[in-house]
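Okay, entry.cif is below, mmCIF, C-alpha atoms:
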data_structure
loop_
_atom_site.group_PDB
_atom_site.id
_atom_site.type_symbol
_atom_site.label_atom_id
_atom_site.label_comp_id
_atom_site.auth_asym_id
_atom_site.auth_seq_id
_atom_site.Cartn_x
_atom_site.Cartn_y
_atom_site.Cartn_z
ATOM 1 C CA MET A 1 18.065 112.990 -104.165
ATOM 2 C CA PRO A 2 15.336 115.521 -103.318
ATOM 3 C CA LEU A 3 13.589 114.798 -100.046
ATOM 4 C CA SER A 4 10.187 114.634 -101.746
ATOM 5 C CA THR A 5 11.245 111.479 -103.605
ATOM 6 C CA LEU A 6 12.293 109.627 -100.478
ATOM 7 C CA PRO A 7 10.129 106.612 -99.831
ATOM 8 C CA ALA A 8 7.630 106.510 -97.017
ATOM 9 C CA GLU A 9 9.990 104.212 -95.101
ATOM 10 C CA ALA A 10 12.457 107.077 -94.723
ATOM 11 C CA ARG A 11 9.742 109.260 -93.233
ATOM 12 C CA LEU A 12 8.726 106.454 -90.862
ATOM 13 C CA ARG A 13 12.343 106.151 -89.705
ATOM 14 C CA ALA A 14 12.395 109.918 -89.224
ATOM 15 C CA ILE A 15 9.266 109.729 -87.061
ATOM 16 C CA GLU A 16 10.935 107.140 -84.869
ATOM 17 C CA LEU A 17 14.128 109.161 -84.503
ATOM 18 C CA LEU A 18 12.220 112.328 -83.645
ATOM 19 C CA LEU A 19 10.242 110.489 -80.992
ATOM 20 C CA LEU A 20 13.325 108.849 -79.511
ATOM 21 C CA TRP A 21 15.534 111.940 -79.509
ATOM 22 C CA GLU A 22 13.144 114.890 -79.229
ATOM 23 C CA GLY A 23 10.529 113.101 -77.145
ATOM 24 C CA GLN A 24 7.625 114.375 -79.206
ATOM 25 C CA LEU A 25 6.443 114.835 -82.754
ATOM 26 C CA SER A 26 3.955 116.940 -84.664
ATOM 27 C CA ASN A 27 2.727 116.992 -88.229
ATOM 28 C CA ALA A 28 4.458 120.362 -88.642
ATOM 29 C CA ARG A 29 7.788 119.007 -87.355
ATOM 30 C CA LEU A 30 7.694 116.158 -89.849
ATOM 31 C CA ARG A 31 6.888 118.618 -92.648
ATOM 32 C CA SER A 32 9.833 120.781 -91.593
ATOM 33 C CA LEU A 33 12.090 117.897 -92.616
ATOM 34 C CA PHE A 34 10.182 116.555 -95.621
ATOM 35 C CA PRO A 35 8.322 118.614 -98.204
ATOM 36 C CA VAL A 36 5.081 116.649 -97.979
ATOM 37 C CA HIS A 37 1.506 117.851 -97.608
ATOM 38 C CA ALA A 38 -0.043 117.834 -94.138
ATOM 39 C CA THR A 39 -2.311 114.970 -95.202
ATOM 40 C CA GLN A 40 0.666 112.798 -96.133
ATOM 41 C CA ALA A 41 2.440 113.640 -92.872
ATOM 42 C CA SER A 42 -0.689 112.582 -90.953
ATOM 43 C CA ARG A 43 -0.820 109.322 -92.911
ATOM 44 C CA ASP A 44 2.844 108.672 -92.125
ATOM 45 C CA ILE A 45 2.272 109.243 -88.413
ATOM 46 C CA ALA A 46 -0.741 106.902 -88.511
ATOM 47 C CA ALA A 47 1.350 104.278 -90.323
ATOM 48 C CA TYR A 48 4.067 104.528 -87.683
ATOM 49 C CA ARG A 49 1.439 104.182 -84.943
ATOM 50 C CA GLN A 50 0.334 100.908 -86.573
ATOM 51 C CA GLN A 51 3.900 99.577 -86.890
ATOM 52 C CA ALA A 52 5.081 100.572 -83.418
ATOM 53 C CA PRO A 53 2.031 101.216 -81.222
ATOM 54 C CA CYS A 54 4.053 100.842 -78.007
ATOM 55 C CA ASN A 55 6.326 103.733 -79.018
ATOM 56 C CA ILE A 56 3.872 106.567 -79.610
ATOM 57 C CA GLU A 57 0.864 108.135 -77.920
ATOM 58 C CA ARG A 58 -1.252 111.183 -78.682
ATOM 59 C CA ILE A 59 -0.945 114.104 -76.274
ATOM 60 C CA GLU A 60 -4.596 114.885 -75.559
ATOM 61 C CA GLY A 61 -5.728 118.392 -76.412
ATOM 62 C CA THR A 62 -2.714 119.107 -78.636
ATOM 63 C CA LYS A 63 -1.473 118.361 -82.116
ATOM 64 C CA TYR A 64 1.506 116.464 -80.694
ATOM 65 C CA TYR A 65 2.469 112.856 -80.206
ATOM 66 C CA ALA A 66 4.858 111.743 -77.478
ATOM 67 C CA ALA A 67 7.252 108.878 -77.128
ATOM 68 C CA THR A 68 6.028 106.432 -74.519
ATOM 69 C CA LEU A 69 8.218 105.388 -71.619
ATOM 70 C CA ARG A 70 8.596 101.991 -73.322
ATOM 71 C CA ALA A 71 9.667 103.479 -76.693
ATOM 72 C CA ARG A 72 12.419 101.457 -78.353
ATOM 73 C CA PRO A 73 13.911 101.491 -81.853
ATOM 74 C CA VAL A 74 11.933 99.364 -84.293
ATOM 75 C CA LEU A 75 12.839 100.799 -87.700
ATOM 76 C CA THR A 76 16.193 102.365 -86.803
ATOM 77 C CA GLN A 77 19.151 101.642 -84.574
ATOM 78 C CA GLY A 78 18.084 104.591 -82.444
ATOM 79 C CA VAL A 79 21.584 106.056 -82.190
ATOM 80 C CA PHE A 80 22.358 109.765 -82.008
ATOM 81 C CA SER A 81 24.297 109.775 -85.269
ATOM 82 C CA GLU A 82 21.095 108.791 -87.125
ATOM 83 C CA TYR A 83 19.219 111.643 -85.462
ATOM 84 C CA ALA A 84 22.040 114.116 -86.126
ATOM 85 C CA GLN A 85 22.063 113.169 -89.803
ATOM 86 C CA LEU A 86 18.282 113.560 -89.987
ATOM 87 C CA ILE A 87 18.287 117.092 -88.602
ATOM 88 C CA GLY A 88 21.164 118.170 -90.820
ATOM 89 C CA ALA A 89 24.093 118.042 -88.448
ATOM 90 C CA VAL A 90 27.502 117.443 -89.943
ATOM 91 C CA LEU A 91 29.233 114.330 -88.586
ATOM 92 C CA PRO A 92 31.757 113.096 -87.636
ATOM 93 C CA GLY A 93 33.795 115.684 -85.796
ATOM 94 C CA ALA A 94 32.131 118.777 -87.217
ATOM 95 C CA ASP A 95 30.107 121.410 -85.420
ATOM 96 C CA LEU A 96 26.361 121.037 -85.502
ATOM 97 C CA ALA A 97 24.894 123.201 -88.212
ATOM 98 C CA VAL A 98 21.339 123.436 -86.913
ATOM 99 C CA GLY A 99 21.452 126.210 -84.333
ATOM 100 C CA ILE A 100 21.956 123.905 -81.376
ATOM 101 C CA ALA A 101 24.648 125.102 -79.023
ATOM 102 C CA ALA A 102 27.463 122.575 -79.105
ATOM 103 C CA HIS A 103 31.224 122.568 -79.315
ATOM 104 C CA ARG A 104 31.711 119.400 -81.295
ATOM 105 C CA VAL A 105 29.991 116.066 -81.768
ATOM 106 C CA ILE A 106 32.246 113.151 -82.536
ATOM 107 C CA ALA A 107 30.368 109.996 -83.429
ATOM 108 C CA GLY A 108 31.337 107.077 -81.242
ATOM 109 C CA GLN A 109 33.064 109.282 -78.668
ATOM 110 C CA THR A 110 30.144 111.349 -77.428
ATOM 111 C CA ARG A 111 27.836 109.377 -75.166
ATOM 112 C CA ILE A 112 24.336 110.793 -75.252
ATOM 113 C CA ALA A 113 21.553 109.162 -73.286
ATOM 114 C CA PRO A 114 18.334 108.908 -75.282
ATOM 115 C CA GLU A 115 16.364 109.330 -72.053
ATOM 116 C CA ALA A 116 17.995 112.683 -71.205
ATOM 117 C CA TYR A 117 18.265 114.280 -74.632
ATOM 118 C CA PRO A 118 14.546 115.127 -75.157
ATOM 119 C CA VAL A 119 14.557 117.147 -71.927
ATOM 120 C CA LEU A 120 17.686 119.033 -72.997
ATOM 121 C CA HIS A 121 16.319 119.556 -76.502
ATOM 122 C CA GLN A 122 13.007 120.971 -75.252
ATOM 123 C CA ALA A 123 14.753 123.254 -72.740
ATOM 124 C CA ASP A 124 16.992 124.603 -75.499
ATOM 125 C CA ALA A 125 14.066 125.079 -77.880
ATOM 126 C CA GLN A 126 12.088 126.954 -75.211
ATOM 127 C CA GLY A 127 15.094 129.021 -74.140
ATOM 128 C CA THR A 128 15.024 127.673 -70.608
ATOM 129 C CA GLY A 129 18.141 125.499 -70.828
#
Exercise: express the given structure as structure tokens:
Amino acid sequence: MPLSTLPAEARLRAIELLLLWEGQLSNARLRSLFPVHATQASRDIAAYRQQAPCNIERIEGTKYYAATLRARPVLTQGVFSEYAQLIGAVLPGADLAVGIAAHRVIAGQTRIAPEAYPVLHQADAQGTG
């Protein structure tokens, strides 16, 4: 099924997973995963803010939103395998196919702390990790 036909609920789940696992979200990041117009991405982020206001806050002076310290899964289970599937990783037992340095991710055997992963992800993305 083409991504553009996915219902809004799928995009809302994606927003939650990005917040939980990457620690932040932007309109552009959402559009990198779903071929929607910037206006629709903004509407989706606003809809998620209404459904889970305790999970998301605007980073003042930027185009980013951050996960709050109290962020918890509302629309998803919040597990890494959901996030890995969202970003295009191949599971179980296959190497990540998204340019993230990793040897192997085996669902259920790799323990990844949601609190630590955003820091690692940002360090890798910035080349400081």
Query raised in the report: What is the atom CA of A:Ala52 to atom CA of A:Val74 distance in Å?
Result: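 Taking atom CA of A:Ala52 as the start and atom CA of A:Val74 as the end point, the length is 7.0 Å.
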Report task. Grab the atom CA of A:Ile15 to atom CA of A:Asp44 distance for me, in Å with one decimal place. Result -> 8.2 Å
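For the set A:Gln50, A:Arg29, A:Arg13, A:Gly23, the residue with the smallest atom-to-atom gap to A:Ala123 is A:Gly23, counting all atoms listed in the file.
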Query raised in the report: In terms of the shortest atom-to-atom distance over all atoms listed in the file, which of A:Leu33, A:Leu20, A:Ala28, A:Phe80 is closest to A:Asn55?
Result: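 Closest residue, counting all atoms listed in the file: A:Leu20.
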**Report entry** Atom pair atom CA of A:Ile45 / atom CA of A:Asp124: separation (Å)
**Finding:**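 If I compute the distance from atom CA of A:Ile45 to atom CA of A:Asp124, I get 24.9 Å.
Look at A:Leu86: the protein and nucleic acid residues within 9 Å of it, using all atoms listed in the file and passing over chain neighbours fewer than 2 places away, are Ala14, Leu17, Leu18, Leu33, Ser81, Glu82, Tyr83, Ala84, Gly88 and Ala89 of chain A.
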**Report entry** Pick from A:Ile87, A:Leu30, A:Leu25, A:Ala125, whichever lies nearest to A:Ala67 using only C-alpha atoms
**Finding:**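 Checking each of A:Ile87, A:Leu30, A:Leu25, A:Ala125 against A:Ala67, counting only C-alpha atoms, the winner is A:Leu25.
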Requested in this report: For the structure provided, state which residues fall under the PyMOL selection byres ((chain A and resi 41) around 9), and present them as a count of residues only.
Outcome: 17
Report task. Using all atoms listed in the file, pick whichever of A:Cys54, A:Ile59, A:Leu75, A:Ala47 has the shortest atom-to-atom distance to A:Glu16. Result ->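 Of A:Cys54, A:Ile59, A:Leu75, A:Ala47, the one nearest A:Glu16, counting all atoms listed in the file, is A:Leu75.
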Please provide as a CSV table (one decimal) with C-alpha atoms, in the coordinates of the input all residues within 7 Å of A:Pro118, with the sequence filter that same-chain residues fewer than 2 positions apart are discarded (counting all atoms listed in the file).
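Writing done, so here's out_31.csv:
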chain,number,residue,atom,x,y,z
A,21,TRP,CA,15.5,111.9,-79.5
A,22,GLU,CA,13.1,114.9,-79.2
A,23,GLY,CA,10.5,113.1,-77.1
A,115,GLU,CA,16.4,109.3,-72.1
A,116,ALA,CA,18.0,112.7,-71.2
A,120,LEU,CA,17.7,119.0,-73.0
A,121,HIS,CA,16.3,119.6,-76.5
A,122,GLN,CA,13.0,121.0,-75.3
Query raised in the report: So which residues get picked by the PyMOL selection byres ((chain A and resi 57) around 7) here, written as a VMD selection string?
Result: chain A and resid 56 58 to 59 65 to 68
Report task. Find the residue from A:Val119, A:Leu19, A:Leu12, A:Val79 that sits nearest to A:Tyr64; use all atoms listed in the file when measuring. Result -> A:Leu19
